[in-house]
>>> print(open('work-v3.txt').read())   # compact mmCIF, C-alpha atoms and all ligand atoms
# COMPACT_ATOMS: atom_id res chain seq x y z
CA MET A 1 0.00 0.00 0.00
CA GLU A 2 1.01 3.60 -0.45
CA VAL A 3 1.76 5.45 2.78
CA ILE A 4 1.64 9.25 2.74
CA ILE A 5 2.95 11.20 5.71
CA ALA A 6 1.71 14.78 5.99
CA ALA A 7 2.74 17.45 8.47
CA ASP A 8 -0.56 17.73 10.36
CA GLY A 9 -4.26 16.94 10.36
CA ALA A 10 -5.18 19.82 8.06
CA SER A 11 -2.67 18.63 5.44
CA VAL A 12 -4.02 15.08 5.76
CA GLY A 13 -7.50 16.54 5.14
CA ARG A 14 -6.38 18.37 2.02
CA ILE A 15 -4.64 15.32 0.52
CA VAL A 16 -7.67 13.08 1.06
CA ALA A 17 -10.13 15.73 -0.15
CA GLY A 18 -7.99 16.03 -3.30
CA ALA A 19 -8.33 12.29 -3.89
CA ILE A 20 -12.11 12.46 -3.41
CA ALA A 21 -12.31 15.38 -5.84
CA ALA A 22 -10.32 13.42 -8.45
CA VAL A 23 -12.74 10.47 -8.21
CA VAL A 24 -15.79 12.73 -8.48
CA ARG A 25 -14.37 14.62 -11.47
CA ARG A 26 -13.80 11.30 -13.22
CA LYS A 27 -17.15 9.89 -12.14
CA PRO A 28 -19.71 12.49 -11.00
CA ARG A 29 -22.11 9.77 -9.83
CA ALA A 30 -19.49 8.04 -7.67
CA LEU A 31 -20.52 6.06 -4.59
CA LEU A 32 -18.38 7.44 -1.76
CA GLY A 33 -17.93 5.37 1.39
CA LEU A 34 -17.90 7.75 4.34
CA ALA A 35 -16.23 7.41 7.71
CA THR A 36 -17.22 8.81 11.09
CA GLY A 37 -15.24 9.80 14.19
CA SER A 38 -12.94 12.75 14.81
CA THR A 39 -10.13 11.78 12.40
CA ILE A 40 -12.29 12.31 9.36
CA LEU A 41 -13.37 15.86 10.22
CA PRO A 42 -10.36 17.63 8.61
CA VAL A 43 -11.24 15.75 5.40
CA TYR A 44 -14.80 17.10 5.42
CA ASP A 45 -13.43 20.58 6.24
CA ALA A 46 -11.08 20.43 3.25
CA LEU A 47 -13.93 19.17 1.05
CA GLU A 48 -16.02 22.12 2.13
CA GLU A 49 -13.24 24.44 0.99
CA GLN A 50 -13.18 22.79 -2.44
CA VAL A 51 -16.96 23.03 -2.77
CA ARG A 52 -16.94 26.69 -1.64
CA GLU A 53 -14.30 27.50 -4.23
CA LYS A 54 -16.44 25.68 -6.81
CA LYS A 55 -13.66 23.17 -7.53
CA LEU A 56 -15.99 20.31 -6.67
CA GLY A 57 -19.70 19.48 -6.71
CA LEU A 58 -21.08 16.49 -4.82
CA GLU A 59 -24.71 16.81 -5.98
CA GLN A 60 -24.69 13.70 -8.14
CA CYS A 61 -22.74 11.46 -5.74
CA ARG A 62 -24.18 8.76 -3.55
CA PHE A 63 -22.82 8.03 -0.10
CA CYS A 64 -22.55 4.92 1.96
CA LEU A 65 -22.07 4.39 5.70
CA LEU A 66 -19.53 1.96 7.10
CA ASP A 67 -21.20 1.11 10.37
CA GLU A 68 -23.89 2.06 12.88
CA TYR A 69 -24.67 1.63 16.55
CA VAL A 70 -27.50 -0.75 17.44
CA GLY A 71 -29.89 0.59 20.07
CA LEU A 72 -29.75 4.30 19.23
CA PRO A 73 -32.69 5.89 17.44
CA MET A 74 -31.65 6.95 13.93
CA ARG A 75 -31.86 10.64 14.85
CA HIS A 76 -29.89 10.27 18.10
CA PRO A 77 -27.06 12.84 17.82
CA GLN A 78 -24.44 10.08 18.11
CA SER A 79 -25.90 7.70 15.55
CA TYR A 80 -23.62 7.54 12.53
CA TRP A 81 -26.59 8.31 10.30
CA SER A 82 -26.95 11.63 12.20
CA PHE A 83 -23.20 12.24 12.05
CA ILE A 84 -23.22 11.93 8.26
CA GLN A 85 -26.39 13.98 8.02
CA ARG A 86 -24.69 16.79 9.98
CA GLU A 87 -21.15 16.61 8.63
CA VAL A 88 -21.88 15.83 4.99
CA ILE A 89 -25.52 16.03 3.91
CA ASP A 90 -26.54 19.27 5.66
CA ARG A 91 -23.14 20.85 5.24
CA PHE A 92 -23.08 20.34 1.46
CA ARG A 93 -26.85 20.82 1.03
CA LEU A 94 -27.37 17.31 -0.34
CA SER A 95 -30.34 14.98 -0.12
CA SER A 96 -30.64 12.34 2.64
CA GLU A 97 -31.94 10.06 -0.11
CA ALA A 98 -28.38 9.85 -1.42
CA VAL A 99 -27.24 7.89 1.65
CA ILE A 100 -27.10 4.09 1.83
CA TYR A 101 -27.05 2.96 5.46
CA PRO A 102 -27.75 -0.19 7.47
CA ASP A 103 -31.07 0.06 9.31
CA ALA A 104 -29.85 -0.63 12.85
CA THR A 105 -33.33 0.08 14.25
CA SER A 106 -34.82 -2.88 12.37
CA THR A 107 -36.46 -5.69 14.35
CA ASP A 108 -34.71 -8.06 11.94
CA LEU A 109 -31.04 -7.04 12.04
CA PRO A 110 -29.64 -9.90 9.91
CA LEU A 111 -32.12 -8.90 7.18
CA ALA A 112 -31.08 -5.23 7.56
CA CYS A 113 -27.45 -6.35 7.02
CA GLU A 114 -28.41 -8.28 3.89
CA ASN A 115 -30.41 -5.34 2.53
CA PHE A 116 -27.48 -3.00 3.10
CA GLU A 117 -25.13 -5.32 1.19
CA ARG A 118 -27.67 -5.57 -1.62
CA GLU A 119 -28.01 -1.80 -1.88
CA ILE A 120 -24.24 -1.43 -2.20
CA ARG A 121 -24.20 -4.11 -4.90
CA ASP A 122 -27.14 -2.50 -6.74
CA ALA A 123 -25.25 0.80 -6.72
CA LYS A 124 -22.36 -1.06 -8.43
CA GLY A 125 -20.02 -0.95 -5.47
CA VAL A 126 -18.11 1.69 -3.57
CA ASP A 127 -15.68 3.79 -5.62
CA LEU A 128 -13.71 5.23 -2.72
CA GLN A 129 -14.00 4.10 0.89
CA LEU A 130 -12.69 6.35 3.66
CA LEU A 131 -11.60 4.58 6.82
CA GLY A 132 -10.59 5.70 10.28
CA LEU A 133 -8.55 3.44 12.56
CA GLY A 134 -9.57 2.21 15.99
CA ARG A 135 -6.79 1.98 18.58
CA ASP A 136 -7.40 -1.77 18.69
CA GLY A 137 -6.91 -1.95 14.92
CA HIS A 138 -10.56 -1.93 13.90
CA ILE A 139 -11.84 -0.56 10.61
CA GLY A 140 -15.55 0.18 10.50
CA PHE A 141 -16.44 -1.66 13.69
CA ASN A 142 -14.59 -4.87 12.77
CA GLU A 143 -13.04 -5.58 16.12
CA PRO A 144 -9.93 -7.78 16.59
CA CYS A 145 -10.38 -11.33 15.34
CA SER A 146 -13.06 -10.35 12.83
CA SER A 147 -12.88 -12.69 9.86
CA LEU A 148 -10.97 -11.13 6.98
CA ALA A 149 -13.74 -12.47 4.71
CA SER A 150 -16.61 -11.11 6.85
CA ARG A 151 -19.68 -9.40 5.40
CA THR A 152 -21.99 -6.83 6.99
CA ARG A 153 -23.15 -8.21 10.34
CA ILE A 154 -23.75 -7.48 14.02
CA LYS A 155 -20.64 -7.12 16.17
CA THR A 156 -20.01 -6.58 19.88
CA LEU A 157 -17.68 -3.72 20.75
CA THR A 158 -14.54 -4.29 22.81
CA ALA A 159 -14.18 -2.50 26.15
CA GLN A 160 -11.40 -0.40 24.60
CA THR A 161 -13.60 0.85 21.74
CA ARG A 162 -16.48 1.64 24.09
CA THR A 163 -14.10 3.58 26.35
CA ASP A 164 -12.54 5.41 23.36
CA ASN A 165 -15.97 6.40 22.02
CA ALA A 166 -17.38 7.33 25.46
CA ARG A 167 -16.17 10.91 24.87
CA PHE A 168 -19.12 11.40 22.52
CA PHE A 169 -21.71 10.22 25.08
CA PRO A 170 -22.75 11.58 28.51
CA ARG A 171 -21.52 8.38 30.27
CA LEU A 172 -19.67 5.18 29.36
CA ALA A 173 -22.85 3.25 30.17
CA ASP A 174 -24.60 5.08 27.31
CA VAL A 175 -22.23 3.68 24.65
CA PRO A 176 -24.02 0.81 22.90
CA HIS A 177 -22.48 -2.67 23.10
CA HIS A 178 -23.65 -3.72 19.66
CA VAL A 179 -23.22 -2.35 16.17
CA ILE A 180 -23.75 -3.23 12.54
CA THR A 181 -20.63 -2.95 10.44
CA GLN A 182 -19.59 -3.61 6.87
CA GLY A 183 -17.44 -6.72 7.02
CA ILE A 184 -13.77 -6.71 6.11
CA GLY A 185 -14.64 -8.67 2.96
CA THR A 186 -17.24 -5.99 2.13
CA ILE A 187 -14.76 -3.16 2.69
CA LEU A 188 -12.11 -4.87 0.56
CA GLU A 189 -14.49 -4.77 -2.43
CA ALA A 190 -14.35 -0.96 -2.65
CA ARG A 191 -12.24 0.17 -5.60
CA HIS A 192 -9.97 2.40 -3.55
CA LEU A 193 -9.45 2.39 0.23
CA ILE A 194 -8.04 5.38 2.10
CA LEU A 195 -7.20 4.79 5.75
CA ILE A 196 -6.53 7.92 7.78
CA ALA A 197 -4.87 8.21 11.19
CA ILE A 198 -3.95 11.33 13.10
CA GLY A 199 -2.14 11.68 16.44
CA SER A 200 0.37 9.72 18.49
CA ALA A 201 -2.33 7.60 20.19
CA LYS A 202 -2.66 5.72 16.87
CA ALA A 203 1.10 5.31 16.20
CA ASP A 204 1.44 1.73 17.53
CA THR A 205 -1.67 0.59 15.69
CA VAL A 206 -0.47 2.25 12.48
CA ARG A 207 2.84 0.39 12.72
CA LEU A 208 1.05 -2.95 13.16
CA THR A 209 -1.34 -2.12 10.29
CA VAL A 210 1.35 -1.13 7.81
CA GLU A 211 4.44 -3.10 8.83
CA GLY A 212 2.98 -6.02 10.77
CA PRO A 213 1.69 -9.28 9.32
CA VAL A 214 -1.82 -9.50 7.87
CA SER A 215 -3.81 -10.69 10.83
CA SER A 216 -7.42 -10.67 11.91
CA PHE A 217 -6.08 -9.53 15.28
CA ILE A 218 -5.36 -6.15 13.60
CA PRO A 219 -8.29 -5.95 11.15
CA ALA A 220 -6.84 -2.84 9.41
CA SER A 221 -3.86 -4.96 8.29
CA ALA A 222 -6.28 -6.51 5.75
CA LEU A 223 -5.62 -3.40 3.64
CA GLN A 224 -2.32 -5.05 2.70
CA LEU A 225 -4.42 -7.43 0.58
CA HIS A 226 -6.07 -4.65 -1.44
CA PRO A 227 -4.66 -3.62 -4.82
CA HIS A 228 -5.34 0.09 -4.24
CA ALA A 229 -5.02 1.03 -0.58
CA THR A 230 -3.61 4.34 0.63
CA VAL A 231 -2.73 5.19 4.22
CA VAL A 232 -2.60 8.92 4.98
CA LEU A 233 -0.99 9.88 8.29
CA ASP A 234 0.19 12.93 10.14
CA GLU A 235 3.74 12.91 11.53
CA ALA A 236 2.57 11.84 15.00
CA ALA A 237 0.62 8.81 13.74
CA ALA A 238 3.59 7.84 11.53
CA SER A 239 6.16 8.24 14.31
CA LYS A 240 6.60 4.51 15.01
CA LEU A 241 7.04 3.36 11.40
CA SER A 242 10.48 1.95 10.66
CA LEU A 243 10.02 2.80 6.95
CA GLY A 244 8.84 6.37 7.63
CA GLN A 245 11.67 8.05 5.71
CA TYR A 246 11.24 5.69 2.76
CA PHE A 247 7.53 6.59 2.55
CA ARG A 248 8.29 10.34 2.75
CA ASP A 249 10.91 10.10 -0.01
CA ALA A 250 8.72 7.96 -2.26
CA TYR A 251 5.83 10.43 -2.01
CA ALA A 252 8.13 13.42 -2.61
CA LEU A 253 9.47 11.77 -5.78
CA LYS A 254 6.05 10.83 -7.12
CA PRO A 255 4.77 12.83 -10.11
CA ARG A 256 1.87 14.90 -8.68
CA ARG A 257 -0.44 14.22 -11.61
CA GLN A 258 -0.49 10.52 -10.71
CA GLY A 259 -2.76 11.26 -7.75
CA ILE A 260 -3.05 8.78 -4.90
C1 LIG B 1 -15.16 4.42 15.51
C2 LIG B 1 -15.74 4.10 14.13
C3 LIG B 1 -14.66 3.91 13.14
C4 LIG B 1 -13.67 5.04 13.26
C5 LIG B 1 -12.95 4.91 14.56
C6 LIG B 1 -11.87 5.96 14.77
O1 LIG B 1 -15.06 3.37 16.37
N1 LIG B 1 -16.58 2.98 14.09
O2 LIG B 1 -15.24 3.84 11.85
O3 LIG B 1 -12.77 4.96 12.22
O4 LIG B 1 -13.91 5.04 15.56
O5 LIG B 1 -12.41 7.08 15.43
P1 LIG B 1 -11.64 8.42 15.69
O6 LIG B 1 -11.36 8.99 14.36
O7 LIG B 1 -12.60 9.27 16.45
O8 LIG B 1 -10.41 8.08 16.44
>>> encode(input="work-v3.txt", output="structure tokens")
Amino acid sequence: MEVIIAADGASVGRIVAGAIAAVVRRKPRALLGLATGSTILPVYDALEEQVREKKLGLEQCRFCLLDEYVGLPMRHPQSYWSFIQREVIDRFRLSSEAVIYPDATSTDLPLACENFEREIRDAKGVDLQLLGLGRDGHIGFNEPCSSLASRTRIKTLTAQTRTDNARFFPRLADVPHHVITQGIGTILEARHLILIAIGSAKADTVRLTVEGPVSSFIPASALQLHPHATVVLDEAAASKLSLGQYFRDAYALKPRRQGI
């Protein structure tokens, strides 16, 4: 995979927004796989800049969620549907109809998972999937030991993930235990994967993801199996990579028009 090391979060945001813009210019009706969490916010900020400067229009795109909490009403402020509504749909004045999401409020969750997979397939697959990184190595909500071939399904969160995400809820007890997440096999079908990590708290997990063996214990390491996976890091998140300088040099030498 290609590893890009940028100076800070804002630069990470600009690089990733540039890659999104390139996909949308090539394919205005692209299906963009969106991520949630704090890491992705500089990307949406940089996208907003591009849209404001009229370098990019997202009106024809469709969007797809990666995962969702089970047990929260759809319009709960911390549901991922609400997050995407706030940070993407409202912000760019798009239609909620453009969003494909798993219905985690369904009384038949396995069927909701199947329907979600079918909707992605009917839309001809995800063109570009954005991914954050959990400190335990999760992508989406594929916790350690998730099958590398897994499809969209219900998962139980680890104590570490619930603690990490508790900052968004009034109390730890309010963080749901269960979620629906695209499987690793589902994620690997997207045409391009961009994993983003910012900050030193992710540095050990980044090292295991990029330089460790492919292992279901670090689900993000499955990106090593994808023909077009890009990891975009700030200096702090890249600080434990033994090949850091190699990645910096390779990116500096790369012709800019090649994109990422
Ligand atoms: C959550 C989400 C992931 C996200 C991860 C990282 O658990 N399910 O999709 O990538 O957290 O979050 P943050 O960017 O806030 O560190």
>>> residues_near_ligand(input="work-v3.txt", ligand="ligand LIG 1 (chain B)", cutoff="6 Å", atoms="all atoms listed in the file", output="PDB file with C-alpha atoms, keeping the file's coordinate frame")
ATOM      1  CA  ALA A  35     -16.230   7.410   7.710  1.00  0.00           C
ATOM      2  CA  THR A  36     -17.220   8.810  11.090  1.00  0.00           C
ATOM      3  CA  GLY A  37     -15.240   9.800  14.190  1.00  0.00           C
ATOM      4  CA  SER A  38     -12.940  12.750  14.810  1.00  0.00           C
ATOM      5  CA  THR A  39     -10.130  11.780  12.400  1.00  0.00           C
ATOM      6  CA  LEU A 131     -11.600   4.580   6.820  1.00  0.00           C
ATOM      7  CA  GLY A 132     -10.590   5.700  10.280  1.00  0.00           C
ATOM      8  CA  LEU A 133      -8.550   3.440  12.560  1.00  0.00           C
ATOM      9  CA  GLY A 134      -9.570   2.210  15.990  1.00  0.00           C
ATOM     10  CA  ILE A 139     -11.840  -0.560  10.610  1.00  0.00           C
ATOM     11  CA  GLY A 140     -15.550   0.180  10.500  1.00  0.00           C
ATOM     12  CA  PHE A 141     -16.440  -1.660  13.690  1.00  0.00           C
TER      13      PHE A 141
END
>>> residues_around(input="work-v3.txt", residues="region 64-80 of chain A", least_positions_apart="5", cutoff="6 Å", atoms="all atoms listed in the file", output="JSON, numbers by chain")
{"A": [33, 34, 99, 100, 101, 104, 140, 178, 179, 180, 181, 182]}
>>> closest_residue(input="work-v3.txt", among="A:Gln129, A:Gln160, A:Ser242, A:Thr230", to="Glu2 (chain A)", atoms="all atoms listed in the file")
A:Thr230
>>> atom_distance(input="work-v3.txt", atom1="CA of Glu117 (chain A)", atom2="CA of Leu188 (chain A)")
13.0 Å
>>> atom_distance(input="work-v3.txt", atom1="CA of Leu128 (chain A)", atom2="CA of Ile194 (chain A)")
7.4 Å
>>> closest_residue(input="work-v3.txt", among="A:Gln60, A:Ser82, A:Ser215, A:Thr107", to="Ser95 (chain A)", atoms="all atoms listed in the file")
A:Gln60
